[in-house]
Amino acid sequence: MATAQYSSAPTVKKGVQPLRAGQGTSFIWRKLHSLLGIIPIGAFLLEHLLSNFEALKGPVAYGQQVRFLNSLPLVRVLEWVFIFLPILYHGLYGLYIWFRGKSNIVYYPWAGNWMYTAQRYTGLIAILYIGQHVLRQRFMGISLPENPGAAFAKVQHELANPWMLAVYIIAMIAICWHFAYGIWLFAAKWGITPGERARKRFGYVCTAIGIGLAIMGLASIWAFVGPTYRNAPDIVPLSSIAAPAVAGTHAG
Amino acid sequence: MATKTVQLEIKRQASPDAASDWERFEVEWRPGLNVTSALMDIALNPVTADGRPTTPVTYDSNCLEEICGSCAMRINGKARMACSTLIENIEQPVRIEPLSKFPLVRDLQVDRSVLFENLKAVKAWVPIDGTYDLGPGPRVFPQEQEVSYPLSNCISCTCCMEVCPQFTEETGFVGAATIAQVRLFNNHPTGSVLKEERLRALAGDGGIQECGFAQNCVEVCPKQLPLTNAISDVSRDVLIQKAKDCLRG
């Protein structure tokens with residue numbers, strides 16, 4: 001029998017709708033986005049910048065670093081599960097977050113609001129940059145997993161184009177900014193720094209991390225365009241201590 | 001003796017679906033004049049600056065001392081309380097508009113019932129109703145009072161929601177005020193009986209995860225609530241609650 005039921009239907013007709021208490025799955029997807037930015041993407045960024053830093057020691061050291069990374073067990077699985085897919089998800093969900101928000105920096109030009117906006121634009125720069133970077137450096141031209149000795153020259157040729165050099169410098173700064181502020185946001189939004197002073201102090205830490213990483217990254221770029229290793233050979237011979245680079249899928 | 005006057009530009013809209021337009025008004029200046037008293041002056045003599053008779057401006061207000069939360073509006077572009085906005089502290093002409101994120105009723109009056117619905121959705125109360133006398137409540141220690149008192153100052157003005165870039169129709173974000181009240185009632189020894197329900201509610205769509213930590217809420221709050229601290233604390237509690245629920249199956 002139909003009986004009169006208690007109705008909790010909200011009385012809000014137009015405008016922003018009330019909380020859908022306990023309903024939906026957006027919580028888990030949003031938290032996943034947040035977590036992936038730190039691990040594995042942030043961890044990978046650190047690894048990448050450290051590896052790039054080897055370029056300051058020259059083409060051989062750089063090639064050996066590339067060969068070492070490609071000699072990791074299940075390296076293609078690691079690459080997809082811990083790098084490509086997380087970045088793809090983080091980037092696409094980040095755009096989704098951006099489009100659903102509504103920036104009001106014009107009316108409220110406050111520091112936190114600027115950071116909020118900057119986090120979105122630096123994220124966009126990161127997506128565009130990483131897209132072309134992965135395509136051109138990983139999937140186009142000479143394949144570095146098979147030819148780690150060609151790594152230095154490949155990057156050097158890329159950066160010989162001044163436009164590309166500008167793209168790399170802008171993206172390096174934008175990505176380090178995005179990561180540094182991302183750690184700060186993570187700590188704030190996961191309840192690690194619930195106090196005003198804690199957030200302020202951690203802000204200094206994140207600033208130091210961001211500036212440190214950006215300087216490291218820019219120094220690595222300098223290694224490719226500076227005079228020290230000008231006109232490096234297309235392929236440098238690497239010492240043969242390490243195991244072969246790839247587990248024989250498509251050799252050559 | 002020449003009298004000093006105040007120029008006001010007010011956005012008018014006769015009904016939710018009507019077109020809006022701006023009207024200019026001029027009222028006499030006096031020391032301590034605030035925006036609500038200027039609106040009252042206009043109501044006494046509803047004539048525009050160019051001498052055309054018009055309707056009195058519709059707006060919400062009640063206490064006139066920044067304690068009821070009714071008179072939030074956008075003054076010179078920023079959301080604030082009309083009663084505590086002194087004319088002498090702001091630029092002229094004073095541009096007054098209704099809050100932009102809530103359905104408009106008329107002129108400066110908007111329908112802010114979404115906040116009431118959100119407070120109900122998280123059970124922002126202390127459950128003490130019973131069929132018999134429950135006796136005195138547990139003691140609240142001064143240390144807990146120190147945490148609760150600032151949160152209890154919320155006047156439901158919705159300024160924090162108005163200025164939040166994440167409070168949009170697309171996200172349906174719950175907003176800082178409701179999250180702060182969850183922190184308040186979870187901190188209450190009797191109110192905490194509903195703690196788990198409140199935290200689960202806040203993990204729903206439009207919940208605490210939508211916060212982008214732009215921190216506009218805490219900048220704009222007329223009562224200086226520690227809103228970002230509350231969001232951070234409650235975020236952690238919600239996360240832990242969800243993890244517990246997941247592991248307990």
# chains A, B, ... in the order shown; residues from 1 in each chain; ligands from 1

call {"tool": "interface_residues", "arguments": {"of": "chain A", "to": "chain B", "cutoff": "6 Å", "atoms": "only C-alpha atoms", "output": "CSV table (one decimal) with C-alpha atoms, in the first residue's frame"}}
result
chain,number,residue,atom,x,y,z
A,12,VAL,CA,16.1,24.6,-3.4
A,15,GLY,CA,21.1,27.8,-8.4
A,16,VAL,CA,23.7,25.7,-6.7
A,17,GLN,CA,22.1,22.5,-5.5
A,18,PRO,CA,22.5,21.2,-1.9
A,19,LEU,CA,25.0,18.5,-0.8
A,20,ARG,CA,24.1,15.0,-2.1
A,21,ALA,CA,24.9,13.6,1.4
A,22,GLY,CA,26.8,10.3,1.1
A,23,GLN,CA,25.9,9.8,-2.5
A,24,GLY,CA,28.0,9.4,-5.6
A,26,SER,CA,33.3,11.9,-6.8
A,27,PHE,CA,35.1,11.7,-3.4
A,100,ARG,CA,33.6,23.0,-13.2
A,101,GLY,CA,35.1,25.8,-11.1
A,102,LYS,CA,34.6,29.5,-11.7
A,103,SER,CA,37.6,31.8,-11.2
A,112,GLY,CA,45.4,32.0,-2.2
A,113,ASN,CA,43.1,32.8,-5.1
A,116,TYR,CA,44.3,28.5,-7.2
A,188,ALA,CA,46.4,21.2,3.6
A,189,LYS,CA,43.6,19.2,2.0
A,190,TRP,CA,44.5,15.8,3.6
A,191,GLY,CA,44.6,17.4,7.1
A,194,PRO,CA,45.4,22.0,9.7
A,195,GLY,CA,46.9,25.0,11.4

call {"tool": "select_by_dssp", "arguments": {"residues": "stretch 15-154 of chain A", "states": "alpha helix (DSSP H)", "output": "ChimeraX atom specification"}}
result
/A:26-38,41-53,59-70,75-79,85-100,111-134,151-154

call {"tool": "closest_residue", "arguments": {"among": "A:Tyr168, A:Phe82, A:Tyr121, A:Trp222", "to": "A:Phe44", "atoms": "only C-alpha atoms"}}
result
A:Phe82

call {"tool": "residues_around", "arguments": {"residues": "stretch 45-49 of chain B", "least_positions_apart": "4", "cutoff": "7 Å", "atoms": "only C-alpha atoms", "output": "VMD selection string"}}
result
chain B and resid 23 to 26 41 53 to 56

call {"tool": "write_last_selection", "arguments": {"atoms": "N, CA and C atoms", "output": "PDB file, in the first residue's frame"}}
result
ATOM      1  N   GLU B  23      20.169  51.724 -11.123  1.00  0.00           N
ATOM      2  CA  GLU B  23      19.610  53.033 -10.779  1.00  0.00           C
ATOM      3  C   GLU B  23      20.594  53.761  -9.870  1.00  0.00           C
ATOM      4  N   ARG B  24      20.659  55.087 -10.091  1.00  0.00           N
ATOM      5  CA  ARG B  24      21.554  55.920  -9.262  1.00  0.00           C
ATOM      6  C   ARG B  24      20.738  56.626  -8.187  1.00  0.00           C
ATOM      7  N   PHE B  25      21.299  56.672  -7.002  1.00  0.00           N
ATOM      8  CA  PHE B  25      20.643  57.377  -5.907  1.00  0.00           C
ATOM      9  C   PHE B  25      21.637  58.302  -5.234  1.00  0.00           C
ATOM     10  N   GLU B  26      21.095  59.317  -4.563  1.00  0.00           N
ATOM     11  CA  GLU B  26      21.931  60.242  -3.809  1.00  0.00           C
ATOM     12  C   GLU B  26      21.290  60.412  -2.445  1.00  0.00           C
ATOM     13  N   ASP B  41      17.385  55.129   3.963  1.00  0.00           N
ATOM     14  CA  ASP B  41      17.139  56.500   3.515  1.00  0.00           C
ATOM     15  C   ASP B  41      16.453  56.504   2.153  1.00  0.00           C
ATOM     16  N   PRO B  53      10.704  59.117  -9.596  1.00  0.00           N
ATOM     17  CA  PRO B  53      10.205  58.249  -8.522  1.00  0.00           C
ATOM     18  C   PRO B  53      10.370  56.770  -8.901  1.00  0.00           C
ATOM     19  N   THR B  54      10.737  55.963  -7.930  1.00  0.00           N
ATOM     20  CA  THR B  54      10.917  54.530  -8.196  1.00  0.00           C
ATOM     21  C   THR B  54      10.427  53.746  -6.982  1.00  0.00           C
ATOM     22  N   THR B  55      10.577  52.436  -7.026  1.00  0.00           N
ATOM     23  CA  THR B  55      10.164  51.612  -5.885  1.00  0.00           C
ATOM     24  C   THR B  55      11.292  51.559  -4.859  1.00  0.00           C
ATOM     25  N   PRO B  56      10.970  51.385  -3.588  1.00  0.00           N
ATOM     26  CA  PRO B  56      12.044  51.198  -2.604  1.00  0.00           C
ATOM     27  C   PRO B  56      12.834  49.928  -2.940  1.00  0.00           C
TER      28      PRO B  56
END

call {"tool": "closest_residue", "arguments": {"among": "B:Thr158, B:Leu225, B:Arg183, B:Leu64", "to": "B:Glu196", "atoms": "only C-alpha atoms"}}
result
B:Arg183

call {"tool": "residues_around", "arguments": {"residues": "B:Thr5", "least_positions_apart": "4", "cutoff": "7 Å", "atoms": "only C-alpha atoms", "output": "ChimeraX atom specification"}}
result
/B:26-29

call {"tool": "decode", "arguments": {"residues": "stretch 49-73 of chain B", "atoms": "N, CA and C atoms", "output": "tab-separated table (two decimals), in the first residue's frame"}}
result
chain	number	residue	atom	x	y	z
B	49	ALA	N	18.57	59.63	-8.45
B	49	ALA	CA	19.39	60.84	-8.42
B	49	ALA	C	18.89	61.87	-9.43
B	50	ASP	N	18.32	61.40	-10.57
B	50	ASP	CA	17.81	62.35	-11.56
B	50	ASP	C	16.33	62.68	-11.33
B	51	GLY	N	15.83	62.45	-10.11
B	51	GLY	CA	14.51	62.94	-9.73
B	51	GLY	C	13.33	62.07	-10.13
B	52	ARG	N	13.59	60.85	-10.61
B	52	ARG	CA	12.50	59.99	-11.07
B	52	ARG	C	12.01	59.12	-9.91
B	53	PRO	N	10.70	59.12	-9.60
B	53	PRO	CA	10.21	58.25	-8.52
B	53	PRO	C	10.37	56.77	-8.90
B	54	THR	N	10.74	55.96	-7.93
B	54	THR	CA	10.92	54.53	-8.20
B	54	THR	C	10.43	53.75	-6.98
B	55	THR	N	10.58	52.44	-7.03
B	55	THR	CA	10.16	51.61	-5.88
B	55	THR	C	11.29	51.56	-4.86
B	56	PRO	N	10.97	51.38	-3.59
B	56	PRO	CA	12.04	51.20	-2.60
B	56	PRO	C	12.83	49.93	-2.94
B	57	VAL	N	14.13	49.94	-2.60
B	57	VAL	CA	14.98	48.79	-2.91
B	57	VAL	C	14.67	47.65	-1.94
B	58	THR	N	14.45	46.45	-2.48
B	58	THR	CA	14.22	45.28	-1.64
B	58	THR	C	15.55	44.67	-1.23
B	59	TYR	N	15.72	44.40	0.05
B	59	TYR	CA	16.94	43.75	0.54
B	59	TYR	C	16.63	43.07	1.86
B	60	ASP	N	17.44	42.09	2.21
B	60	ASP	CA	17.30	41.44	3.50
B	60	ASP	C	18.15	42.16	4.53
B	61	SER	N	17.59	42.39	5.70
B	61	SER	CA	18.42	42.83	6.83
B	61	SER	C	17.59	42.63	8.07
B	62	ASN	N	18.25	42.60	9.20
B	62	ASN	CA	17.50	42.44	10.43
B	62	ASN	C	18.19	43.11	11.60
B	63	CYS	N	19.33	42.57	12.03
B	63	CYS	CA	19.87	43.03	13.31
B	63	CYS	C	20.62	44.35	13.22
B	64	LEU	N	21.18	44.63	12.03
B	64	LEU	CA	21.96	45.85	11.78
B	64	LEU	C	23.23	45.92	12.62
B	65	GLU	N	23.69	44.76	13.13
B	65	GLU	CA	24.96	44.79	13.89
B	65	GLU	C	25.79	43.54	13.59
B	66	GLU	N	25.71	43.07	12.37
B	66	GLU	CA	26.54	41.97	11.87
B	66	GLU	C	26.44	40.72	12.75
B	67	ILE	N	25.22	40.36	13.08
B	67	ILE	CA	25.07	39.17	13.92
B	67	ILE	C	23.99	38.24	13.36
B	68	CYS	N	23.12	38.75	12.47
B	68	CYS	CA	22.06	37.90	11.95
B	68	CYS	C	22.41	37.30	10.60
B	69	GLY	N	23.32	37.91	9.88
B	69	GLY	CA	23.78	37.35	8.61
B	69	GLY	C	22.89	37.63	7.43
B	70	SER	N	21.88	38.48	7.58
B	70	SER	CA	20.90	38.67	6.50
B	70	SER	C	21.40	39.52	5.34
B	71	CYS	N	22.16	40.58	5.65
B	71	CYS	CA	22.34	41.65	4.67
B	71	CYS	C	23.58	41.50	3.81
B	72	ALA	N	24.03	40.25	3.58
B	72	ALA	CA	25.18	40.05	2.69
B	72	ALA	C	24.81	40.48	1.28
B	73	MET	N	25.67	41.27	0.66
B	73	MET	CA	25.46	41.67	-0.73
B	73	MET	C	26.82	42.04	-1.31
